[in-house]
file data-v7.cif (mmCIF, N, CA and C atoms)
data_input
#
loop_
_atom_site.label_atom_id
_atom_site.label_comp_id
_atom_site.auth_asym_id
_atom_site.auth_seq_id
_atom_site.Cartn_x
_atom_site.Cartn_y
_atom_site.Cartn_z
N MET U 1 -19.73 7.02 7.96
CA MET U 1 -18.30 6.90 7.86
C MET U 1 -17.67 8.24 8.26
N ASN U 2 -16.67 8.18 9.14
CA ASN U 2 -15.99 9.39 9.59
C ASN U 2 -15.09 9.95 8.49
N ASP U 3 -14.95 11.28 8.51
CA ASP U 3 -14.03 11.92 7.55
C ASP U 3 -12.60 11.45 7.75
N PHE U 4 -12.27 11.12 8.99
CA PHE U 4 -10.94 10.58 9.27
C PHE U 4 -11.10 9.33 10.10
N ALA U 5 -10.49 8.26 9.65
CA ALA U 5 -10.48 7.00 10.40
C ALA U 5 -9.04 6.50 10.38
N LEU U 6 -8.48 6.33 11.55
CA LEU U 6 -7.06 6.01 11.67
C LEU U 6 -6.67 4.71 10.97
N TRP U 7 -7.43 3.64 11.21
CA TRP U 7 -7.00 2.33 10.70
C TRP U 7 -7.01 2.23 9.18
N PRO U 8 -8.06 2.69 8.51
CA PRO U 8 -7.98 2.65 7.04
C PRO U 8 -6.87 3.54 6.48
N VAL U 9 -6.67 4.70 7.09
CA VAL U 9 -5.60 5.60 6.63
C VAL U 9 -4.24 4.94 6.82
N LEU U 10 -4.00 4.36 7.98
CA LEU U 10 -2.72 3.68 8.21
C LEU U 10 -2.54 2.48 7.30
N ALA U 11 -3.60 1.70 7.12
CA ALA U 11 -3.51 0.52 6.26
C ALA U 11 -3.30 0.93 4.80
N GLY U 12 -3.98 1.98 4.35
CA GLY U 12 -3.78 2.47 2.99
C GLY U 12 -2.36 2.97 2.79
N THR U 13 -1.84 3.67 3.80
CA THR U 13 -0.47 4.15 3.75
C THR U 13 0.50 2.98 3.69
N ALA U 14 0.27 1.99 4.53
CA ALA U 14 1.14 0.81 4.56
C ALA U 14 1.12 0.08 3.22
N ALA U 15 -0.05 -0.01 2.59
CA ALA U 15 -0.15 -0.67 1.29
C ALA U 15 0.70 0.05 0.25
N PHE U 16 0.60 1.38 0.22
CA PHE U 16 1.38 2.18 -0.72
C PHE U 16 2.88 2.00 -0.42
N PHE U 17 3.24 2.01 0.84
CA PHE U 17 4.64 1.88 1.25
C PHE U 17 5.20 0.51 0.84
N VAL U 18 4.42 -0.54 1.04
CA VAL U 18 4.86 -1.89 0.67
C VAL U 18 5.03 -2.00 -0.84
N VAL U 19 4.12 -1.41 -1.59
CA VAL U 19 4.27 -1.40 -3.05
C VAL U 19 5.60 -0.75 -3.42
N GLY U 20 5.93 0.37 -2.77
CA GLY U 20 7.20 1.03 -3.05
C GLY U 20 8.40 0.16 -2.72
N ALA U 21 8.33 -0.54 -1.59
CA ALA U 21 9.43 -1.43 -1.19
C ALA U 21 9.62 -2.54 -2.22
N LEU U 22 8.52 -3.11 -2.67
CA LEU U 22 8.61 -4.17 -3.68
C LEU U 22 9.05 -3.60 -5.03
N TRP U 23 8.49 -2.45 -5.40
CA TRP U 23 8.75 -1.84 -6.71
C TRP U 23 10.23 -1.50 -6.88
N TYR U 24 10.77 -0.81 -5.87
CA TYR U 24 12.15 -0.34 -5.98
C TYR U 24 13.16 -1.31 -5.38
N GLY U 25 12.70 -2.22 -4.52
CA GLY U 25 13.62 -3.14 -3.86
C GLY U 25 13.73 -4.50 -4.54
N LEU U 26 12.64 -4.95 -5.18
CA LEU U 26 12.66 -6.29 -5.79
C LEU U 26 12.38 -6.28 -7.29
N ILE U 27 11.46 -5.46 -7.73
CA ILE U 27 11.02 -5.54 -9.12
C ILE U 27 11.92 -4.73 -10.06
N PHE U 28 12.20 -3.48 -9.71
CA PHE U 28 12.96 -2.59 -10.60
C PHE U 28 14.19 -1.94 -9.95
N PRO U 29 14.90 -2.61 -9.07
CA PRO U 29 15.99 -1.88 -8.40
C PRO U 29 17.10 -1.43 -9.35
N LYS U 30 17.58 -2.29 -10.19
CA LYS U 30 18.69 -1.92 -11.08
C LYS U 30 18.24 -1.00 -12.21
N PRO U 31 17.11 -1.28 -12.88
CA PRO U 31 16.68 -0.33 -13.92
C PRO U 31 16.40 1.06 -13.35
N TRP U 32 15.81 1.12 -12.16
CA TRP U 32 15.55 2.42 -11.53
C TRP U 32 16.87 3.13 -11.21
N GLN U 33 17.83 2.40 -10.65
CA GLN U 33 19.12 2.98 -10.28
C GLN U 33 19.83 3.54 -11.52
N ARG U 34 19.81 2.77 -12.61
CA ARG U 34 20.44 3.25 -13.85
C ARG U 34 19.72 4.49 -14.39
N ALA U 35 18.40 4.42 -14.43
CA ALA U 35 17.62 5.55 -14.98
C ALA U 35 17.77 6.80 -14.13
N ALA U 36 17.90 6.61 -12.81
CA ALA U 36 18.08 7.75 -11.90
C ALA U 36 19.51 8.26 -11.92
N GLY U 37 20.42 7.49 -12.52
CA GLY U 37 21.82 7.91 -12.59
C GLY U 37 22.52 7.86 -11.25
N LEU U 38 22.15 6.89 -10.42
CA LEU U 38 22.73 6.77 -9.09
C LEU U 38 23.71 5.61 -9.02
N THR U 39 24.87 5.85 -8.43
CA THR U 39 25.85 4.79 -8.23
C THR U 39 25.52 4.05 -6.93
N ASN U 40 26.16 2.90 -6.76
CA ASN U 40 25.97 2.15 -5.51
C ASN U 40 26.41 2.98 -4.30
N SER U 41 27.50 3.71 -4.45
CA SER U 41 27.97 4.52 -3.32
C SER U 41 27.01 5.67 -3.02
N GLN U 42 26.40 6.24 -4.05
CA GLN U 42 25.41 7.30 -3.81
C GLN U 42 24.19 6.76 -3.07
N LEU U 43 23.81 5.53 -3.38
CA LEU U 43 22.67 4.92 -2.70
C LEU U 43 22.95 4.65 -1.23
N GLN U 44 24.22 4.56 -0.88
CA GLN U 44 24.59 4.32 0.52
C GLN U 44 24.59 5.60 1.35
N THR U 45 24.53 6.75 0.69
CA THR U 45 24.57 8.01 1.42
C THR U 45 23.16 8.43 1.79
N GLY U 46 23.07 9.41 2.63
CA GLY U 46 21.76 9.92 3.05
C GLY U 46 21.26 9.22 4.29
N ASN U 47 20.36 9.85 4.95
CA ASN U 47 19.77 9.31 6.16
C ASN U 47 18.55 8.48 5.76
N MET U 48 18.74 7.17 5.63
CA MET U 48 17.65 6.30 5.15
C MET U 48 16.47 6.29 6.10
N ALA U 49 16.70 6.38 7.39
CA ALA U 49 15.58 6.43 8.33
C ALA U 49 14.72 7.66 8.07
N LEU U 50 15.36 8.79 7.85
CA LEU U 50 14.62 10.01 7.54
C LEU U 50 13.90 9.92 6.20
N ILE U 51 14.57 9.36 5.20
CA ILE U 51 13.96 9.20 3.88
C ILE U 51 12.72 8.33 3.97
N PHE U 52 12.82 7.20 4.65
CA PHE U 52 11.66 6.30 4.78
C PHE U 52 10.57 6.93 5.64
N ALA U 53 10.94 7.61 6.70
CA ALA U 53 9.93 8.26 7.56
C ALA U 53 9.18 9.34 6.80
N LEU U 54 9.89 10.16 6.04
CA LEU U 54 9.23 11.21 5.27
C LEU U 54 8.38 10.62 4.13
N THR U 55 8.87 9.55 3.53
CA THR U 55 8.08 8.86 2.50
C THR U 55 6.77 8.38 3.10
N PHE U 56 6.84 7.74 4.26
CA PHE U 56 5.63 7.25 4.93
C PHE U 56 4.71 8.42 5.28
N ALA U 57 5.28 9.51 5.76
CA ALA U 57 4.46 10.68 6.12
C ALA U 57 3.77 11.27 4.89
N PHE U 58 4.48 11.39 3.78
CA PHE U 58 3.86 11.91 2.55
C PHE U 58 2.77 10.96 2.05
N GLU U 59 3.04 9.67 2.10
CA GLU U 59 2.04 8.70 1.68
C GLU U 59 0.83 8.72 2.61
N MET U 60 1.06 9.00 3.89
CA MET U 60 -0.05 9.11 4.83
C MET U 60 -0.90 10.34 4.51
N LEU U 61 -0.28 11.42 4.12
CA LEU U 61 -1.04 12.61 3.72
C LEU U 61 -1.92 12.29 2.50
N ILE U 62 -1.36 11.58 1.53
CA ILE U 62 -2.14 11.17 0.37
C ILE U 62 -3.30 10.29 0.81
N SER U 63 -3.04 9.35 1.70
CA SER U 63 -4.07 8.44 2.20
C SER U 63 -5.17 9.20 2.94
N MET U 64 -4.79 10.18 3.73
CA MET U 64 -5.78 10.98 4.46
C MET U 64 -6.68 11.75 3.50
N VAL U 65 -6.10 12.32 2.46
CA VAL U 65 -6.89 13.08 1.49
C VAL U 65 -7.86 12.16 0.76
N LEU U 66 -7.35 11.02 0.30
CA LEU U 66 -8.23 10.10 -0.43
C LEU U 66 -9.33 9.57 0.48
N TRP U 67 -8.98 9.19 1.72
CA TRP U 67 -10.00 8.70 2.65
C TRP U 67 -11.05 9.79 2.90
N HIS U 68 -10.62 11.01 3.07
CA HIS U 68 -11.56 12.12 3.30
C HIS U 68 -12.54 12.23 2.12
N LEU U 69 -12.03 12.16 0.92
CA LEU U 69 -12.90 12.25 -0.26
C LEU U 69 -13.88 11.08 -0.31
N VAL U 70 -13.40 9.90 -0.01
CA VAL U 70 -14.27 8.73 0.00
C VAL U 70 -15.33 8.87 1.10
N ALA U 71 -14.91 9.31 2.27
CA ALA U 71 -15.84 9.45 3.39
C ALA U 71 -16.90 10.51 3.10
N ARG U 72 -16.52 11.59 2.47
CA ARG U 72 -17.47 12.68 2.20
C ARG U 72 -18.46 12.35 1.09
N THR U 73 -18.04 11.53 0.13
CA THR U 73 -18.91 11.24 -1.01
C THR U 73 -19.60 9.89 -0.93
N ASP U 74 -19.06 8.96 -0.12
CA ASP U 74 -19.61 7.62 0.05
C ASP U 74 -19.95 6.95 -1.28
N PRO U 75 -18.97 6.84 -2.17
CA PRO U 75 -19.23 6.27 -3.49
C PRO U 75 -19.27 4.74 -3.45
N PRO U 76 -19.79 4.10 -4.50
CA PRO U 76 -19.68 2.65 -4.61
C PRO U 76 -18.20 2.25 -4.70
N ASN U 77 -17.92 0.99 -4.39
CA ASN U 77 -16.54 0.53 -4.33
C ASN U 77 -15.79 0.70 -5.64
N PHE U 78 -16.45 0.48 -6.78
CA PHE U 78 -15.74 0.64 -8.04
C PHE U 78 -15.33 2.10 -8.25
N VAL U 79 -16.11 3.02 -7.70
CA VAL U 79 -15.76 4.44 -7.81
C VAL U 79 -14.58 4.77 -6.89
N VAL U 80 -14.49 4.10 -5.75
CA VAL U 80 -13.32 4.28 -4.87
C VAL U 80 -12.05 3.93 -5.64
N MET U 81 -12.10 2.82 -6.38
CA MET U 81 -10.93 2.41 -7.17
C MET U 81 -10.67 3.41 -8.30
N MET U 82 -11.74 3.93 -8.90
CA MET U 82 -11.57 4.94 -9.94
C MET U 82 -10.97 6.21 -9.37
N MET U 83 -11.39 6.59 -8.16
CA MET U 83 -10.82 7.78 -7.52
C MET U 83 -9.34 7.59 -7.23
N ALA U 84 -8.99 6.43 -6.68
CA ALA U 84 -7.59 6.16 -6.32
C ALA U 84 -6.69 6.16 -7.55
N THR U 85 -7.08 5.39 -8.55
CA THR U 85 -6.24 5.32 -9.75
C THR U 85 -6.34 6.60 -10.57
N GLY U 86 -7.51 7.23 -10.55
CA GLY U 86 -7.68 8.50 -11.26
C GLY U 86 -6.82 9.60 -10.67
N PHE U 87 -6.68 9.60 -9.35
CA PHE U 87 -5.80 10.57 -8.71
C PHE U 87 -4.36 10.36 -9.17
N ALA U 88 -3.95 9.08 -9.29
CA ALA U 88 -2.60 8.79 -9.77
C ALA U 88 -2.43 9.25 -11.22
N VAL U 89 -3.37 8.86 -12.07
CA VAL U 89 -3.26 9.15 -13.50
C VAL U 89 -3.49 10.62 -13.81
N GLY U 90 -4.41 11.26 -13.08
CA GLY U 90 -4.79 12.62 -13.40
C GLY U 90 -4.05 13.71 -12.66
N VAL U 91 -3.38 13.35 -11.56
CA VAL U 91 -2.70 14.38 -10.77
C VAL U 91 -1.23 14.01 -10.52
N MET U 92 -1.00 12.86 -9.91
CA MET U 92 0.35 12.52 -9.47
C MET U 92 1.31 12.28 -10.64
N ILE U 93 0.89 11.46 -11.59
CA ILE U 93 1.77 11.12 -12.71
C ILE U 93 2.05 12.34 -13.60
N PRO U 94 1.03 13.15 -13.94
CA PRO U 94 1.37 14.36 -14.70
C PRO U 94 2.30 15.30 -13.93
N ALA U 95 2.15 15.37 -12.61
CA ALA U 95 3.03 16.25 -11.82
C ALA U 95 4.48 15.80 -11.90
N ILE U 96 4.72 14.49 -11.75
CA ILE U 96 6.11 14.05 -11.86
C ILE U 96 6.59 14.16 -13.30
N GLY U 97 5.67 13.98 -14.26
CA GLY U 97 6.05 14.15 -15.66
C GLY U 97 6.54 15.55 -15.96
N ILE U 98 5.84 16.54 -15.45
CA ILE U 98 6.26 17.93 -15.65
C ILE U 98 7.64 18.16 -15.03
N ASN U 99 7.83 17.69 -13.80
CA ASN U 99 9.14 17.84 -13.15
C ASN U 99 10.24 17.17 -13.97
N TYR U 100 9.98 15.96 -14.42
CA TYR U 100 11.01 15.21 -15.15
C TYR U 100 11.33 15.85 -16.49
N LEU U 101 10.34 16.47 -17.14
CA LEU U 101 10.62 17.16 -18.39
C LEU U 101 11.63 18.28 -18.19
N PHE U 102 11.41 19.08 -17.18
CA PHE U 102 12.31 20.21 -16.93
C PHE U 102 13.65 19.76 -16.36
N GLN U 103 13.67 18.64 -15.67
CA GLN U 103 14.92 18.12 -15.12
C GLN U 103 15.67 17.25 -16.12
N ARG U 104 15.07 17.06 -17.31
CA ARG U 104 15.68 16.24 -18.37
C ARG U 104 15.89 14.81 -17.93
N LYS U 105 14.96 14.27 -17.14
CA LYS U 105 15.05 12.89 -16.68
C LYS U 105 14.64 11.95 -17.81
N PRO U 106 15.19 10.75 -17.83
CA PRO U 106 14.88 9.82 -18.92
C PRO U 106 13.46 9.24 -18.80
N LEU U 107 12.93 8.85 -19.96
CA LEU U 107 11.60 8.26 -20.02
C LEU U 107 11.51 7.01 -19.15
N THR U 108 12.57 6.22 -19.11
CA THR U 108 12.56 5.00 -18.30
C THR U 108 12.29 5.32 -16.84
N LEU U 109 12.92 6.34 -16.31
CA LEU U 109 12.70 6.73 -14.92
C LEU U 109 11.25 7.16 -14.72
N PHE U 110 10.73 7.95 -15.65
CA PHE U 110 9.34 8.37 -15.56
C PHE U 110 8.40 7.17 -15.54
N LEU U 111 8.62 6.20 -16.42
CA LEU U 111 7.74 5.04 -16.50
C LEU U 111 7.80 4.20 -15.23
N ILE U 112 9.00 4.01 -14.69
CA ILE U 112 9.13 3.25 -13.44
C ILE U 112 8.42 3.97 -12.30
N ASP U 113 8.67 5.25 -12.15
CA ASP U 113 8.06 6.02 -11.06
C ASP U 113 6.55 6.17 -11.24
N ALA U 114 6.11 6.39 -12.48
CA ALA U 114 4.67 6.50 -12.74
C ALA U 114 3.98 5.18 -12.42
N GLY U 115 4.60 4.08 -12.77
CA GLY U 115 4.04 2.77 -12.44
C GLY U 115 3.90 2.57 -10.94
N HIS U 116 4.90 3.03 -10.20
CA HIS U 116 4.83 2.94 -8.74
C HIS U 116 3.64 3.71 -8.19
N PHE U 117 3.44 4.92 -8.69
CA PHE U 117 2.31 5.72 -8.21
C PHE U 117 0.98 5.07 -8.58
N LEU U 118 0.88 4.54 -9.78
CA LEU U 118 -0.37 3.92 -10.20
C LEU U 118 -0.68 2.66 -9.39
N VAL U 119 0.29 1.78 -9.24
CA VAL U 119 0.07 0.54 -8.50
C VAL U 119 -0.11 0.85 -7.01
N GLY U 120 0.66 1.80 -6.48
CA GLY U 120 0.52 2.18 -5.06
C GLY U 120 -0.85 2.75 -4.76
N MET U 121 -1.35 3.59 -5.63
CA MET U 121 -2.69 4.17 -5.42
C MET U 121 -3.77 3.11 -5.59
N ALA U 122 -3.59 2.18 -6.51
CA ALA U 122 -4.55 1.08 -6.65
C ALA U 122 -4.56 0.23 -5.40
N ALA U 123 -3.40 -0.02 -4.82
CA ALA U 123 -3.33 -0.79 -3.58
C ALA U 123 -4.04 -0.05 -2.46
N MET U 124 -3.82 1.26 -2.36
CA MET U 124 -4.49 2.06 -1.34
C MET U 124 -6.00 2.01 -1.53
N GLY U 125 -6.46 2.18 -2.78
CA GLY U 125 -7.88 2.10 -3.06
C GLY U 125 -8.44 0.74 -2.68
N GLY U 126 -7.72 -0.32 -2.98
CA GLY U 126 -8.15 -1.67 -2.62
C GLY U 126 -8.31 -1.84 -1.12
N VAL U 127 -7.37 -1.28 -0.37
CA VAL U 127 -7.46 -1.34 1.09
C VAL U 127 -8.70 -0.58 1.57
N PHE U 128 -8.96 0.56 0.99
CA PHE U 128 -10.14 1.34 1.38
C PHE U 128 -11.42 0.58 1.07
N VAL U 129 -11.48 -0.07 -0.07
CA VAL U 129 -12.65 -0.89 -0.41
C VAL U 129 -12.82 -1.99 0.62
N TRP U 130 -11.72 -2.63 0.99
CA TRP U 130 -11.78 -3.71 1.99
C TRP U 130 -12.29 -3.19 3.34
N PHE U 131 -11.83 -2.05 3.76
CA PHE U 131 -12.28 -1.47 5.03
C PHE U 131 -13.76 -1.08 4.99
N ARG U 132 -14.24 -0.71 3.84
CA ARG U 132 -15.65 -0.28 3.72
C ARG U 132 -16.60 -1.48 3.63
N SER U 133 -16.06 -2.67 3.34
CA SER U 133 -16.92 -3.86 3.18
C SER U 133 -17.39 -4.43 4.50
#

call {"tool": "encode", "arguments": {"input": "data-v7.cif", "output": "structure tokens"}}
result
Amino acid sequence: MNDFALWPVLAGTAAFFVVGALWYGLIFPKPWQRAAGLTNSQLQTGNMALIFALTFAFEMLISMVLWHLVARTDPPNFVVMMMATGFAVGVMIPAIGINYLFQRKPLTLFLIDAGHFLVGMAAMGGVFVWFRS
């Protein structure tokens, strides 16, 4: 297995991105908006193409790192899922938790965003397992 493989990385990125679209667009749009303290008019501002492009780029970086770790260690599939979700639980979620504590963000926002990272990373891990099968 190559340290970098374009298709699994892109597919893993796409899985994470789709989870985000569903999470914030269909499942939790209003609770997230309230917890983030954003009005409808505030949501209309900003360059959405740039926001989505940078989100995809950041998620691709995450996907590349996880794929590299999987490729270098060649673990069993259940360990791939443990790595993906473990990265969310052990690194990503605590990092946003620290930020939110100092920014005085509400617990609801933390829980919504933490859930997105956990489910998104699980989806990415699932895609990687599928590509390895």

call {"tool": "atom_distance", "arguments": {"input": "data-v7.cif", "atom1": "atom C of Arg72 of chain U", "atom2": "atom C of Phe117 of chain U"}}
result
22.9 Å

call {"tool": "atom_distance", "arguments": {"input": "data-v7.cif", "atom1": "atom C of Met124 of chain U", "atom2": "atom CA of Gly12 of chain U"}}
result
5.1 Å

call {"tool": "atom_distance", "arguments": {"input": "data-v7.cif", "atom1": "atom CA of Ala5 of chain U", "atom2": "atom C of Ser63 of chain U"}}
result
9.4 Å

call {"tool": "resolve_selection", "arguments": {"input": "data-v7.cif", "expression": "the PyMOL selection byres (((chain U and resi 79-90 and name CA) around 7) and name CA)", "output": "PyMOL selection string"}}
result
chain U and resi 70+75-78+91-94+117-118+121-122+125-126+129

call {"tool": "residues_around", "arguments": {"input": "data-v7.cif", "residues": "segment 41-52 of chain U", "least_positions_apart": "3", "cutoff": "12 Å", "atoms": "only C-alpha atoms", "output": "list in words"}}
result
Ala14, Phe17, Val18, Gly20, Ala21, Pro29, Lys30, Trp32, Gln33, Arg34, Ala36, Gly37, Leu38, Thr55, Phe56, Ala57, Phe58 and Glu59 of chain U

call {"tool": "axis_aligned_box", "arguments": {"input": "data-v7.cif", "around": "segment 70-82 of chain U", "padding_each_side": "3 Å", "output": "AutoDock Vina command-line options"}}
result
--center_x -15.3 --center_y 6.6 --center_z -3.3 --size_x 15.3 --size_y 18.2 --size_z 19.3

call {"tool": "closest_residue", "arguments": {"input": "data-v7.cif", "among": "U:Val19, U:Leu10, U:Gly25, U:Ala35", "to": "Leu107 of chain U", "atoms": "only C-alpha atoms"}}
result
U:Ala35

call {"tool": "closest_atom_pairs", "arguments": {"input": "data-v7.cif", "of": "segment 32-114 of chain U", "to": "segment 6-9 of chain U", "cutoff": "7 Å", "atoms": "only N, CA and C atoms", "output": "CSV"}}
result
residue,atom,partner,partner_atom,distance
U:Met60,CA,U:Val9,C,6.2
U:Ser63,C,U:Val9,CA,5.2
U:Met64,N,U:Val9,CA,5.5
U:Trp67,CA,U:Val9,CA,6.7

call {"tool": "decode", "arguments": {"input": "data-v7.cif", "residues": "segment 43-73 of chain U", "atoms": "C-alpha atoms", "output": "PDB file, in the first residue's frame"}}
result
ATOM      1  CA  LEU U  43     -25.037  33.274   7.709  1.00  0.00           C
ATOM      2  CA  GLN U  44     -25.580  35.021   4.384  1.00  0.00           C
ATOM      3  CA  THR U  45     -22.285  36.904   4.642  1.00  0.00           C
ATOM      4  CA  GLY U  46     -18.866  35.590   3.794  1.00  0.00           C
ATOM      5  CA  ASN U  47     -17.486  33.934   0.737  1.00  0.00           C
ATOM      6  CA  MET U  48     -19.182  30.522   0.873  1.00  0.00           C
ATOM      7  CA  ALA U  49     -17.144  29.158  -2.035  1.00  0.00           C
ATOM      8  CA  LEU U  50     -13.950  29.981  -0.152  1.00  0.00           C
ATOM      9  CA  ILE U  51     -15.327  28.581   3.120  1.00  0.00           C
ATOM     10  CA  PHE U  52     -16.300  25.291   1.473  1.00  0.00           C
ATOM     11  CA  ALA U  53     -13.049  25.070  -0.505  1.00  0.00           C
ATOM     12  CA  LEU U  54     -10.927  25.626   2.607  1.00  0.00           C
ATOM     13  CA  THR U  55     -13.060  23.167   4.574  1.00  0.00           C
ATOM     14  CA  PHE U  56     -12.472  20.546   1.876  1.00  0.00           C
ATOM     15  CA  ALA U  57      -8.742  21.346   1.841  1.00  0.00           C
ATOM     16  CA  PHE U  58      -8.448  21.001   5.630  1.00  0.00           C
ATOM     17  CA  GLU U  59     -10.415  17.762   5.569  1.00  0.00           C
ATOM     18  CA  MET U  60      -8.145  16.524   2.780  1.00  0.00           C
ATOM     19  CA  LEU U  61      -5.105  17.240   4.940  1.00  0.00           C
ATOM     20  CA  ILE U  62      -6.687  15.193   7.738  1.00  0.00           C
ATOM     21  CA  SER U  63      -7.436  12.413   5.250  1.00  0.00           C
ATOM     22  CA  MET U  64      -3.864  12.426   3.942  1.00  0.00           C
ATOM     23  CA  VAL U  65      -2.427  12.141   7.451  1.00  0.00           C
ATOM     24  CA  LEU U  66      -4.750   9.312   8.429  1.00  0.00           C
ATOM     25  CA  TRP U  67      -4.137   7.451   5.157  1.00  0.00           C
ATOM     26  CA  HIS U  68      -0.380   7.841   5.637  1.00  0.00           C
ATOM     27  CA  LEU U  69      -0.618   6.329   9.122  1.00  0.00           C
ATOM     28  CA  VAL U  70      -2.741   3.459   7.858  1.00  0.00           C
ATOM     29  CA  ALA U  71      -0.403   2.843   4.921  1.00  0.00           C
ATOM     30  CA  ARG U  72       2.719   2.869   7.104  1.00  0.00           C
ATOM     31  CA  THR U  73       1.345   0.548   9.783  1.00  0.00           C
TER      32      THR U  73
END
